[in-house]
Structure formats: C-alpha cells, structure tokens
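> Sending over final-v4.txt (compact mmCIF, C-alpha atoms).
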```
# COMPACT_ATOMS: atom_id res chain seq x y z
CA MET A 1 -95.24 -42.92 -156.91
CA SER A 2 -94.24 -39.27 -157.32
CA PRO A 3 -92.01 -38.36 -160.28
CA PRO A 4 -88.44 -37.53 -159.26
CA THR A 5 -87.42 -33.95 -158.63
CA MET A 6 -84.85 -32.51 -161.04
CA ASP A 7 -81.25 -32.54 -159.85
CA LEU A 8 -79.03 -29.45 -159.92
CA ASP A 9 -76.83 -30.78 -162.71
CA ALA A 10 -79.88 -31.18 -164.94
CA TYR A 11 -80.79 -27.48 -164.79
CA ARG A 12 -77.75 -25.42 -163.80
CA ALA A 13 -76.98 -24.50 -167.43
CA LEU A 14 -80.68 -23.85 -168.14
CA VAL A 15 -80.70 -20.92 -165.71
CA SER A 16 -77.02 -19.98 -166.13
CA LEU A 17 -76.22 -20.64 -162.46
CA ASP A 18 -72.47 -20.49 -163.06
CA VAL A 19 -72.61 -17.14 -164.91
CA PRO A 20 -72.43 -14.21 -162.47
CA PHE A 21 -75.17 -11.64 -162.92
CA ARG A 22 -73.64 -8.26 -163.77
CA PRO A 23 -76.16 -5.59 -162.82
CA PRO A 24 -76.22 -2.26 -164.62
CA ALA A 25 -75.41 1.01 -162.91
CA PRO A 26 -78.25 2.31 -160.70
CA ALA A 27 -80.56 4.82 -162.36
CA PRO A 28 -80.08 8.33 -160.95
CA ALA A 29 -83.06 9.67 -159.01
CA GLU A 30 -84.04 12.16 -161.70
CA GLU A 31 -84.61 9.28 -164.15
CA HIS A 32 -86.93 7.27 -161.89
CA PRO A 33 -90.26 8.90 -162.87
CA ALA A 34 -89.63 8.43 -166.59
CA LEU A 35 -88.40 4.87 -166.06
CA MET A 36 -91.48 3.91 -164.07
CA ARG A 37 -93.83 5.49 -166.60
CA SER A 38 -92.26 3.60 -169.49
CA LEU A 39 -92.22 0.27 -167.61
CA CYS A 40 -95.86 0.66 -166.54
CA ALA A 41 -96.86 1.64 -170.07
CA TRP A 42 -95.26 -1.54 -171.45
CA LEU A 43 -97.16 -3.69 -168.94
CA ARG A 44 -100.44 -1.93 -169.71
CA GLU A 45 -99.96 -2.64 -173.40
CA ASP A 46 -99.27 -6.36 -172.90
CA GLY A 47 -102.51 -6.88 -170.99
CA THR A 48 -101.05 -7.14 -167.48
CA ALA A 49 -103.10 -4.16 -166.31
CA ARG A 50 -106.29 -6.09 -167.12
CA ARG A 51 -105.11 -8.94 -164.87
CA LEU A 52 -104.43 -6.48 -162.07
CA HIS A 53 -107.87 -4.88 -162.39
CA ALA A 54 -109.41 -8.34 -162.26
CA GLU A 55 -107.44 -9.03 -159.05
CA LEU A 56 -107.95 -5.70 -157.27
CA GLY A 57 -110.85 -4.02 -159.07
CA GLU A 58 -110.67 -0.29 -159.74
CA HIS A 59 -107.93 1.23 -157.61
CA PRO A 60 -107.46 4.92 -158.52
CA SER A 61 -105.17 5.66 -155.57
CA LEU A 62 -102.81 2.87 -156.67
CA GLU A 63 -102.53 4.26 -160.18
CA THR A 64 -101.38 7.61 -158.80
CA ASP A 65 -98.42 5.86 -157.14
CA GLU A 66 -96.43 4.73 -160.15
CA ARG A 67 -93.94 2.61 -158.19
CA ALA A 68 -96.68 0.77 -156.29
CA TRP A 69 -98.55 0.26 -159.57
CA LEU A 70 -95.43 -1.17 -161.22
CA ARG A 71 -94.86 -3.53 -158.30
CA ALA A 72 -98.46 -4.74 -158.43
CA LEU A 73 -98.34 -5.24 -162.21
CA LEU A 74 -95.22 -7.39 -161.97
CA THR A 75 -96.70 -9.41 -159.11
CA VAL A 76 -99.78 -10.50 -161.08
CA ARG A 77 -97.95 -10.94 -164.37
CA GLY A 78 -97.11 -14.48 -165.39
CA PRO A 79 -93.62 -15.71 -166.22
CA GLU A 80 -93.84 -14.96 -169.95
CA PRO A 81 -90.42 -13.63 -171.02
CA LEU A 82 -89.99 -9.87 -171.02
CA PRO A 83 -87.76 -8.09 -173.55
CA GLU A 84 -84.18 -7.40 -172.53
CA ASP A 85 -84.77 -3.64 -172.76
CA PHE A 86 -87.48 -3.96 -170.11
CA HIS A 87 -85.23 -6.06 -167.87
CA GLY A 88 -82.36 -3.62 -168.25
CA ALA A 89 -84.51 -0.65 -167.25
CA MET A 90 -86.03 -2.59 -164.34
CA ASP A 91 -82.59 -3.66 -163.15
CA ARG A 92 -81.42 -0.02 -163.11
CA LEU A 93 -84.43 0.95 -160.99
CA LEU A 94 -83.99 -1.99 -158.61
CA GLN A 95 -80.29 -1.31 -158.22
CA ALA A 96 -81.10 2.28 -157.24
CA GLU A 97 -83.64 1.05 -154.69
CA ARG A 98 -81.12 -1.44 -153.32
CA ARG A 99 -78.69 1.41 -152.64
CA ARG A 100 -81.31 2.97 -150.38
CA ARG A 101 -81.46 -0.25 -148.27
CA PRO A 102 -78.01 -0.77 -146.77
CA ASP A 103 -76.66 -4.28 -147.23
CA VAL A 104 -76.28 -6.32 -144.05
CA HIS A 105 -73.01 -8.27 -143.96
CA PRO A 106 -73.18 -11.47 -141.90
CA ALA A 107 -69.61 -11.17 -140.60
CA GLY A 108 -70.74 -8.34 -138.33
CA LEU A 109 -73.64 -10.23 -136.77
CA PRO A 110 -73.38 -11.74 -133.26
CA ARG A 111 -72.84 -15.49 -133.21
CA LEU A 112 -74.32 -18.28 -131.14
CA GLY A 113 -72.25 -20.65 -129.08
CA LEU A 114 -68.54 -20.82 -128.38
CA PRO A 115 -65.65 -20.30 -130.80
CA GLY A 116 -64.47 -23.55 -132.29
CA THR A 117 -67.87 -25.24 -132.23
CA PRO A 118 -70.43 -25.49 -135.06
CA ALA A 119 -72.59 -23.02 -133.14
CA ALA A 120 -69.94 -20.34 -133.73
CA TRP A 121 -71.03 -20.37 -137.38
CA CYS A 122 -74.68 -19.70 -136.56
CA THR A 123 -76.56 -16.45 -136.12
CA VAL A 124 -80.18 -15.61 -135.39
CA TRP A 125 -80.90 -12.29 -137.07
CA GLN A 126 -84.17 -10.36 -137.23
CA GLY A 127 -84.62 -8.27 -140.34
CA ASP A 128 -85.32 -8.15 -144.07
CA ILE A 129 -83.71 -11.12 -145.80
CA THR A 130 -83.53 -9.15 -149.06
CA THR A 131 -80.83 -6.94 -147.49
CA LEU A 132 -78.52 -9.79 -146.42
CA ALA A 133 -75.24 -9.91 -148.31
CA VAL A 134 -74.78 -13.66 -147.86
CA ASP A 135 -73.91 -16.01 -150.68
CA ALA A 136 -77.36 -17.63 -150.75
CA ILE A 137 -80.75 -16.98 -149.17
CA VAL A 138 -83.61 -19.45 -148.78
CA ASN A 139 -87.07 -18.63 -150.07
CA ALA A 140 -90.17 -20.36 -148.68
CA ALA A 141 -91.95 -21.06 -151.96
CA ASN A 142 -95.12 -22.83 -153.02
CA SER A 143 -95.07 -25.95 -155.14
CA GLU A 144 -95.37 -23.98 -158.40
CA LEU A 145 -92.12 -22.16 -157.55
CA LEU A 146 -93.20 -19.02 -159.44
CA GLY A 147 -93.51 -16.57 -156.56
CA CYS A 148 -96.57 -14.96 -155.02
CA PHE A 149 -99.22 -13.56 -157.38
CA ARG A 150 -101.09 -11.51 -154.73
CA PRO A 151 -100.18 -7.80 -154.94
CA PHE A 152 -98.57 -6.51 -151.72
CA HIS A 153 -98.98 -9.82 -149.92
CA PRO A 154 -96.54 -9.74 -146.96
CA CYS A 155 -94.96 -13.15 -147.56
CA ILE A 156 -91.26 -13.75 -148.00
CA ASP A 157 -91.84 -15.22 -151.46
CA ASN A 158 -93.31 -11.90 -152.61
CA ALA A 159 -90.61 -9.81 -150.95
CA ILE A 160 -87.80 -11.79 -152.59
CA HIS A 161 -89.31 -11.70 -156.07
CA VAL A 162 -90.05 -7.96 -155.81
CA ALA A 163 -86.48 -7.11 -154.79
CA ALA A 164 -84.79 -9.53 -157.21
CA GLY A 165 -86.89 -8.48 -160.21
CA PRO A 166 -88.85 -10.34 -162.89
CA ARG A 167 -85.83 -12.27 -164.15
CA LEU A 168 -86.26 -14.47 -161.08
CA ARG A 169 -89.77 -15.59 -162.02
CA GLU A 170 -88.64 -16.32 -165.57
CA ASP A 171 -85.86 -18.59 -164.26
CA CYS A 172 -88.27 -20.38 -161.94
CA ALA A 173 -90.63 -20.96 -164.88
CA ARG A 174 -87.81 -22.46 -166.95
CA LEU A 175 -87.03 -24.84 -164.10
CA MET A 176 -90.62 -25.90 -163.66
CA ARG A 177 -91.23 -26.42 -167.38
CA ALA A 178 -88.12 -28.60 -167.55
CA GLN A 179 -89.13 -30.58 -164.46
CA GLY A 180 -92.67 -31.03 -165.74
CA HIS A 181 -94.41 -31.24 -162.36
CA PRO A 182 -94.76 -29.20 -159.13
CA GLU A 183 -91.88 -29.15 -156.68
CA HIS A 184 -92.02 -31.76 -153.91
CA THR A 185 -91.97 -30.84 -150.24
CA GLY A 186 -88.52 -31.17 -148.68
CA HIS A 187 -86.50 -30.39 -151.81
CA ALA A 188 -84.79 -27.23 -153.08
CA LYS A 189 -83.95 -25.52 -156.36
CA ALA A 190 -81.37 -22.78 -157.00
CA THR A 191 -81.52 -19.66 -159.14
CA ARG A 192 -79.37 -16.58 -159.36
CA ALA A 193 -80.49 -13.73 -157.09
CA TYR A 194 -80.20 -10.92 -159.65
CA ASN A 195 -80.78 -7.55 -157.93
CA LEU A 196 -80.45 -8.88 -154.39
CA PRO A 197 -77.17 -8.52 -152.46
CA SER A 198 -76.96 -12.32 -152.26
CA ARG A 199 -75.79 -14.33 -155.27
CA TYR A 200 -78.29 -17.19 -155.18
CA VAL A 201 -81.85 -17.88 -154.08
CA LEU A 202 -82.66 -21.40 -152.88
CA HIS A 203 -86.37 -22.13 -153.29
CA THR A 204 -87.91 -24.77 -151.03
CA VAL A 205 -91.44 -26.04 -150.38
CA GLY A 206 -92.15 -26.67 -146.72
CA PRO A 207 -94.82 -28.89 -145.19
CA ILE A 208 -98.34 -27.58 -144.70
CA VAL A 209 -99.74 -28.15 -141.20
CA ARG A 210 -103.51 -28.30 -140.86
CA GLY A 211 -104.47 -29.81 -137.52
CA PRO A 212 -102.14 -31.40 -134.95
CA LEU A 213 -98.40 -31.29 -135.55
CA SER A 214 -96.95 -34.74 -136.27
CA ALA A 215 -93.55 -36.37 -136.55
CA ARG A 216 -94.15 -36.52 -140.31
CA HIS A 217 -94.44 -32.72 -140.44
CA GLU A 218 -91.22 -32.32 -138.44
CA GLU A 219 -89.28 -34.71 -140.65
CA ALA A 220 -90.53 -32.92 -143.80
CA LEU A 221 -89.37 -29.59 -142.38
CA ALA A 222 -85.99 -31.06 -141.43
CA ALA A 223 -85.69 -32.38 -144.99
CA CYS A 224 -86.13 -28.80 -146.28
CA TYR A 225 -83.24 -27.53 -144.19
CA ARG A 226 -80.97 -30.41 -145.17
CA ALA A 227 -81.85 -30.01 -148.85
CA ASN A 228 -80.99 -26.31 -148.82
CA LEU A 229 -77.69 -26.82 -147.03
CA ASP A 230 -76.75 -29.70 -149.34
CA LEU A 231 -77.66 -27.61 -152.40
CA ALA A 232 -75.66 -24.62 -151.14
CA THR A 233 -72.48 -26.69 -150.99
CA ARG A 234 -72.88 -27.61 -154.66
CA LEU A 235 -72.97 -23.98 -155.82
CA HIS A 236 -69.77 -22.19 -156.72
CA GLY A 237 -68.21 -20.25 -153.87
CA VAL A 238 -71.10 -20.46 -151.40
CA ARG A 239 -69.82 -20.14 -147.83
CA SER A 240 -72.72 -18.36 -146.12
CA VAL A 241 -76.44 -19.13 -146.20
CA ALA A 242 -79.47 -17.37 -144.72
CA LEU A 243 -82.34 -19.70 -143.80
CA CYS A 244 -85.82 -18.25 -143.47
CA ALA A 245 -88.43 -19.63 -141.05
CA ILE A 246 -89.81 -22.18 -143.51
CA SER A 247 -93.52 -23.09 -143.28
CA THR A 248 -94.27 -20.83 -140.28
CA GLY A 249 -96.47 -18.39 -142.21
CA VAL A 250 -99.57 -19.38 -144.16
CA PHE A 251 -98.34 -23.01 -144.20
CA GLY A 252 -99.24 -23.18 -140.52
CA PHE A 253 -96.22 -24.83 -138.88
CA PRO A 254 -96.14 -23.73 -135.20
CA LYS A 255 -93.27 -21.30 -134.69
CA VAL A 256 -91.48 -22.73 -131.62
CA PRO A 257 -91.40 -26.36 -132.86
CA ALA A 258 -90.25 -25.05 -136.26
CA ALA A 259 -87.36 -23.19 -134.62
CA GLN A 260 -86.44 -26.31 -132.68
CA VAL A 261 -86.41 -28.39 -135.86
CA ALA A 262 -84.30 -25.77 -137.67
CA LEU A 263 -81.69 -25.48 -134.92
CA ARG A 264 -81.51 -29.23 -134.34
CA THR A 265 -81.26 -30.09 -138.05
CA VAL A 266 -78.67 -27.46 -138.91
CA GLY A 267 -76.57 -28.43 -135.88
CA ALA A 268 -76.54 -32.08 -136.94
CA TRP A 269 -75.71 -31.13 -140.54
CA LEU A 270 -72.78 -28.94 -139.46
CA ARG A 271 -71.38 -31.69 -137.27
CA GLU A 272 -71.62 -34.17 -140.12
CA GLN A 273 -69.99 -31.78 -142.63
CA PRO A 274 -67.45 -29.70 -140.71
CA GLY A 275 -66.03 -26.84 -142.73
CA ALA A 276 -68.66 -27.08 -145.49
CA LEU A 277 -69.97 -23.58 -144.67
CA ASP A 278 -68.55 -20.62 -142.79
CA GLN A 279 -71.81 -19.10 -141.55
CA VAL A 280 -75.51 -19.96 -141.31
CA VAL A 281 -77.98 -17.18 -140.54
CA PHE A 282 -81.38 -18.10 -139.12
CA ASN A 283 -83.40 -15.18 -140.47
CA VAL A 284 -86.58 -14.09 -138.71
CA PHE A 285 -88.74 -11.12 -139.64
CA GLY A 286 -91.49 -10.62 -137.06
CA ASP A 287 -91.26 -10.36 -133.29
CA GLU A 288 -93.14 -13.67 -132.85
CA ASP A 289 -90.58 -15.44 -135.02
CA ARG A 290 -87.72 -13.96 -133.01
CA ALA A 291 -89.41 -14.97 -129.76
CA ALA A 292 -89.81 -18.52 -131.08
CA TYR A 293 -86.06 -18.84 -131.61
CA ASP A 294 -85.35 -17.28 -128.20
CA THR A 295 -87.68 -19.84 -126.62
CA ALA A 296 -86.13 -22.72 -128.55
CA LEU A 297 -82.64 -21.65 -127.48
CA GLN A 298 -83.70 -21.28 -123.85
CA GLU A 299 -85.18 -24.78 -123.96
CA GLY A 300 -81.86 -26.28 -124.92
CA ALA A 301 -81.81 -26.20 -128.72
CA LEU A 302 -78.41 -24.49 -128.55
CA ASP A 303 -77.04 -27.79 -127.23
CA ALA A 304 -77.93 -29.30 -130.60
CA LEU A 305 -75.60 -26.81 -132.29
CA ALA A 306 -72.63 -27.41 -129.96
```
Hey, can you dump this file as structure tokens for me?

Amino acid sequence: MSPPTMDLDAYRALVSLDVPFRPPAPAPAEEHPALMRSLCAWLREDGTARRLHAELGEHPSLETDERAWLRALLTVRGPEPLPEDFHGAMDRLLQAERRRRPDVHPAGLPRLGLPGTPAAWCTVWQGDITTLAVDAIVNAANSELLGCFRPFHPCIDNAIHVAAGPRLREDCARLMRAQGHPEHTGHAKATRAYNLPSRYVLHTVGPIVRGPLSARHEEALAACYRANLDLATRLHGVRSVALCAISTGVFGFPKVPAAQVALRTVGAWLREQPGALDQVVFNVFGDEDRAAYDTALQEGALDALA
C-alpha cells in the first residue's frame, strides 16, 4: 500500500503559503550585466558549473551568453538553499524580465459557452502560461516535484521554474522532504509562484501512457484535474486557475483524449461546486495542443461544460 500524500494543512506553514511574496523592484537594464556576472560567479564557486559541464560538456558559446549560462546553471543545480542575497539579486533580474513579457489577464480572454452556464467561466487560451495573471497555474511535474534538471528542455516544468526563480525549487524540496516519498499520480501540491504574475503554482503528476490508452489512464488524468481544482479552492483568494495540458508531453497521453478528459472533468466539477471559481483557463502552448481542444469541442465536449 502506498504511503499517504501530505495534505495542504500539513505543509502550508512550511512553505509560507499564506504569506504574500513581495518582490523587489526590477533591476534597471544597466545593472543586468553586473548582476548576471555576480550570480554566475557565485554558482561557479559552489560547484554548480562542474555539474553543468558534466551535463553538457564544454560549451564555449554558452559561456559567452551570460544569461543563458545563468539559466543553465540554475537548471542543473539541486535544491540546496541559496543565500538571501543571491535570491534578492535573482528576483530583481527576474522582475525586470517579467516586465518585458506583458502579463495576460484572463478577464480579457474569450469565453466558451453561454452566459450563466459553467462554460461561461472557461477559456481555451494558447500561449505562455508564465505570463498569465491568474491566481494559480498548474504545473505538470514529475514525481520528485523538483522541476526539470535538463538545461533548455522545452517542458512546462522547466519554463515555470525558470520564470519563478530558484525559490520555487527550494519550496518543492521542503515539501518532498517533509512528505518523505515521491508524489503520487493524481494529487497536487501548492507553492507560492514568486516571480510569476500568478500567486500560486499547483504541481501535479499526471499518468504516464506507454502503449494503448486505457480507462485507468483516463481516470488518473481526471483525478489530476479534480485535485488541482479542489486544492485551488483551499488557497486564500483563489478565483481563477490556469490548467496546463497535463501528461500530453513526454508522459505520452494522446492529446485529443486528454482534452476530452479535461473538458469533461472540469465541467462536472463546476456543476458540482457552482461559484467555487470565477474562471478556468485551459492553457495550451503548441498548435497541436490547440487543435486537440478544437477537435474535442467540435466532438461535443462543450456539452460537458454546459
């Protein structure tokens, strides 16, 4: 029998979920080169550069791009706590970079369905989830919950950790140490979102599909969506949530059935808990993911939301 997953009330104080993150002022552009040099120098001195060389080999062109080098160093670095001075400098840099990516506010996005129905609260939006100014975004994580350790890997887990900053990995490590075992499929954990425009990140582990899709896979995926929505309602002030296309990347869940499960599950949840949330965004990134939702909607999945 698997050990139980840790409930929100057992860890919310551990990662200060109820304490709003107050980011510092963005670093002005003229400070960026010096900031990046000092941050990279710190990571070279603590041995992270050796880990990166072991991962990528010699990479002279990368070392000439200080920002890319810094990103790669933080990706391969473990969750060992960094000094507050490092975090403060990194936060200033990330806040400046955030200002160059305009926030996307969900209230301006087109909605599905008719006013007055649960579908009116739902949106399918194609774009970068790290720019969404919703209350909480969902991250498709692995069972270790520590983020992606492959430099420049194009997964959502990597993108979210890069934009949020290394505080996010440290919080995830605290959670996992306290839980004492990998995260189970179909559950979710919450952390603050730090340098993202959202306030929380909900980390969930979706099912891995190798071979034919089964009812067991579909139920596990539905459990992920329910767990994230349930968790969102237990966090202070959360009224809007962005759901990524869980398990449809390297986990191998076929995209159209995944979209059908997502739409059907969220529709049922909204009917069962009217008024619990104001808006749910189904976030897709690639054209294939968008096409999968279009197909699912054309095949009648919108009826599940009505």
> Tell me which of A:Cys155, A:Gly180, A:Leu196, A:Cys172 sits closest to Arg99 (chain A), counting only C-alpha atoms.
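Between A:Cys155, A:Gly180, A:Leu196, A:Cys172, the residue approaching Arg99 (chain A) most closely is A:Leu196.
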> Would you kindly identify which residues have an atom no farther than 9 Å from (-81.7, -3.7, -160.5), using only C-alpha atoms and the file's own coordinates, and write them out as JSON, numbers by chain?
{"A": [23, 24, 25, 26, 27, 87, 88, 89, 90, 91, 92, 93, 94, 95, 96, 97, 98, 163, 164, 165, 194, 195, 196]}
> Can you work out which one of A:Ala136, A:Leu297, A:Leu109, A:Val205 has the shortest atom-to-atom distance to Pro182 (chain A), counting only C-alpha atoms?
A:Val205
> Between CA of Leu112 (chain A) and CA of Val241 (chain A), measure the distance and give it in Å to one decimal.
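About the pair CA of Leu112 (chain A) and CA of Val241 (chain A): they are 15.2 Å apart.
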> Point out the residue among A:Leu56, A:Met6, A:Val104, A:Ala268 with the least atom-to-atom distance to Ala178 (chain A), counting only C-alpha atoms.
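Counting only C-alpha atoms, the residue closest to Ala178 (chain A) is A:Met6.
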> Go ahead and compute the interatomic distance for CA of Cys224 (chain A) and CA of Leu8 (chain A), in Å to one decimal.
15.4 Å
> Select, from A:Leu221, A:Ala188, A:Leu168, A:Ala13, the residue with the minimum atom-to-atom distance to Pro81 (chain A), counting all atoms listed in the file.
A:Leu168
> Could you check which of A:Ala54, A:Asn283, A:Thr295, A:Pro197 is closest to Arg22 (chain A), using only C-alpha atoms?
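When distances to Arg22 (chain A) are compared using only C-alpha atoms, the smallest one comes from A:Pro197.
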> Kindly indicate which residue among A:Phe149, A:Trp269, A:Phe86, A:Phe253 lies nearest to Arg169 (chain A), using all atoms listed in the file for the distances.
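Nearest candidate to Arg169 (chain A) out of A:Phe149, A:Trp269, A:Phe86, A:Phe253: A:Phe149.
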> Within 10 Å of His217 (chain A), counting all atoms listed in the file, which residues show up once you throw out same-chain ones fewer than 6 positions away? Write them as an MDAnalysis selection string, please.
chainID A and resid 206:209 223 253 258
> Go ahead and save the residues from that selection, with C-alpha atoms, as a PDB file, keeping the file's coordinate frame.

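again_20.pdb was written with the following content:
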```pdb
ATOM      1  CA  GLY A 206     -92.150 -26.670-146.720  1.00  0.00           C
ATOM      2  CA  PRO A 207     -94.820 -28.890-145.190  1.00  0.00           C
ATOM      3  CA  ILE A 208     -98.340 -27.580-144.700  1.00  0.00           C
ATOM      4  CA  VAL A 209     -99.740 -28.150-141.200  1.00  0.00           C
ATOM      5  CA  ALA A 223     -85.690 -32.380-144.990  1.00  0.00           C
ATOM      6  CA  PHE A 253     -96.220 -24.830-138.880  1.00  0.00           C
ATOM      7  CA  ALA A 258     -90.250 -25.050-136.260  1.00  0.00           C
TER       8      ALA A 258
END
```
> Quick one, how far is CA of Pro4 (chain A) from CA of Leu17 (chain A)?
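The value is 21.1 Å.
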> When you look at Pro110 (chain A) with a cut-off of 10 Å (counting all atoms listed in the file), what residues show up, excluding the ones that are within fewer than 5 positions of it in the same chain? I need them as number ranges by chain.
A: 120-125
> Mind writing the picked residues with C-alpha atoms as a tab-separated table (two decimals), in the coordinates of the input?

```tsv
chain	number	residue	atom	x	y	z
A	120	ALA	CA	-69.94	-20.34	-133.73
A	121	TRP	CA	-71.03	-20.37	-137.38
A	122	CYS	CA	-74.68	-19.70	-136.56
A	123	THR	CA	-76.56	-16.45	-136.12
A	124	VAL	CA	-80.18	-15.61	-135.39
A	125	TRP	CA	-80.90	-12.29	-137.07
```
> Could you tell me, as an NGL selection string, which residues have any atom at most 9 Å from (-70.6, -29.3, -147.2), counting all atoms listed in the file?
:A and (229-234 or 269-270 or 272-277)
> Could you add whatever atoms are missing so that region 256-266 of chain A carries all heavy atoms, then write the result as an mmCIF file, in the coordinates of the input?

```cif
data_model
loop_
_atom_site.group_PDB
_atom_site.id
_atom_site.type_symbol
_atom_site.label_atom_id
_atom_site.label_comp_id
_atom_site.auth_asym_id
_atom_site.auth_seq_id
_atom_site.Cartn_x
_atom_site.Cartn_y
_atom_site.Cartn_z
ATOM 1 N N VAL A 256 -92.517 -22.209 -132.527
ATOM 2 C CA VAL A 256 -91.480 -22.730 -131.620
ATOM 3 C C VAL A 256 -91.009 -24.118 -132.061
ATOM 4 O O VAL A 256 -89.790 -24.355 -132.170
ATOM 5 C CB VAL A 256 -91.975 -22.739 -130.161
ATOM 6 C CG1 VAL A 256 -90.978 -23.468 -129.260
ATOM 7 C CG2 VAL A 256 -92.179 -21.307 -129.667
ATOM 8 N N PRO A 257 -91.897 -25.068 -132.347
ATOM 9 C CA PRO A 257 -91.400 -26.360 -132.860
ATOM 10 C C PRO A 257 -90.605 -26.211 -134.156
ATOM 11 O O PRO A 257 -89.635 -26.945 -134.372
ATOM 12 C CB PRO A 257 -92.679 -27.172 -133.081
ATOM 13 C CG PRO A 257 -93.674 -26.574 -132.136
ATOM 14 C CD PRO A 257 -93.355 -25.115 -132.108
ATOM 15 N N ALA A 258 -91.002 -25.257 -135.010
ATOM 16 C CA ALA A 258 -90.250 -25.050 -136.260
ATOM 17 C C ALA A 258 -88.841 -24.572 -135.967
ATOM 18 O O ALA A 258 -87.871 -25.014 -136.608
ATOM 19 C CB ALA A 258 -90.978 -24.034 -137.137
ATOM 20 N N ALA A 259 -88.698 -23.665 -134.993
ATOM 21 C CA ALA A 259 -87.360 -23.190 -134.620
ATOM 22 C C ALA A 259 -86.529 -24.331 -134.038
ATOM 23 O O ALA A 259 -85.327 -24.448 -134.317
ATOM 24 C CB ALA A 259 -87.487 -22.049 -133.615
ATOM 25 N N GLN A 260 -87.155 -25.172 -133.247
ATOM 26 C CA GLN A 260 -86.440 -26.310 -132.680
ATOM 27 C C GLN A 260 -85.939 -27.251 -133.772
ATOM 28 O O GLN A 260 -84.795 -27.719 -133.737
ATOM 29 C CB GLN A 260 -87.337 -27.057 -131.696
ATOM 30 C CG GLN A 260 -87.662 -26.258 -130.443
ATOM 31 C CD GLN A 260 -88.767 -26.883 -129.612
ATOM 32 O OE1 GLN A 260 -89.628 -27.590 -130.134
ATOM 33 N NE2 GLN A 260 -88.750 -26.627 -128.305
ATOM 34 N N VAL A 261 -86.803 -27.521 -134.748
ATOM 35 C CA VAL A 261 -86.410 -28.390 -135.860
ATOM 36 C C VAL A 261 -85.251 -27.758 -136.632
ATOM 37 O O VAL A 261 -84.274 -28.435 -136.983
ATOM 38 C CB VAL A 261 -87.602 -28.652 -136.802
ATOM 39 C CG1 VAL A 261 -87.135 -29.320 -138.099
ATOM 40 C CG2 VAL A 261 -88.651 -29.515 -136.115
ATOM 41 N N ALA A 262 -85.342 -26.454 -136.906
ATOM 42 C CA ALA A 262 -84.300 -25.770 -137.670
ATOM 43 C C ALA A 262 -82.957 -25.832 -136.958
ATOM 44 O O ALA A 262 -81.934 -26.207 -137.558
ATOM 45 C CB ALA A 262 -84.711 -24.309 -137.907
ATOM 46 N N LEU A 263 -82.941 -25.477 -135.674
ATOM 47 C CA LEU A 263 -81.690 -25.480 -134.920
ATOM 48 C C LEU A 263 -81.102 -26.880 -134.798
ATOM 49 O O LEU A 263 -79.895 -27.093 -134.985
ATOM 50 C CB LEU A 263 -81.926 -24.883 -133.536
ATOM 51 C CG LEU A 263 -82.244 -23.379 -133.513
ATOM 52 C CD1 LEU A 263 -82.842 -22.973 -132.171
ATOM 53 C CD2 LEU A 263 -81.005 -22.552 -133.806
ATOM 54 N N ARG A 264 -81.965 -27.851 -134.505
ATOM 55 C CA ARG A 264 -81.510 -29.230 -134.340
ATOM 56 C C ARG A 264 -80.954 -29.790 -135.658
ATOM 57 O O ARG A 264 -79.895 -30.430 -135.682
ATOM 58 C CB ARG A 264 -82.675 -30.087 -133.837
ATOM 59 C CG ARG A 264 -82.312 -31.519 -133.488
ATOM 60 C CD ARG A 264 -83.459 -32.183 -132.758
ATOM 61 N NE ARG A 264 -84.678 -32.251 -133.546
ATOM 62 C CZ ARG A 264 -85.828 -31.642 -133.232
ATOM 63 N NH1 ARG A 264 -85.910 -30.895 -132.147
ATOM 64 N NH2 ARG A 264 -86.902 -31.778 -134.002
ATOM 65 N N THR A 265 -81.657 -29.527 -136.752
ATOM 66 C CA THR A 265 -81.260 -30.090 -138.050
ATOM 67 C C THR A 265 -79.969 -29.459 -138.550
ATOM 68 O O THR A 265 -79.072 -30.153 -139.040
ATOM 69 C CB THR A 265 -82.387 -29.869 -139.077
ATOM 70 O OG1 THR A 265 -83.597 -30.452 -138.587
ATOM 71 C CG2 THR A 265 -82.028 -30.488 -140.412
ATOM 72 N N VAL A 266 -79.879 -28.146 -138.442
ATOM 73 C CA VAL A 266 -78.670 -27.460 -138.910
ATOM 74 C C VAL A 266 -77.468 -27.871 -138.055
ATOM 75 O O VAL A 266 -76.365 -28.093 -138.581
ATOM 76 C CB VAL A 266 -78.873 -25.937 -138.899
ATOM 77 C CG1 VAL A 266 -77.561 -25.209 -139.181
ATOM 78 C CG2 VAL A 266 -79.925 -25.540 -139.931
#
```
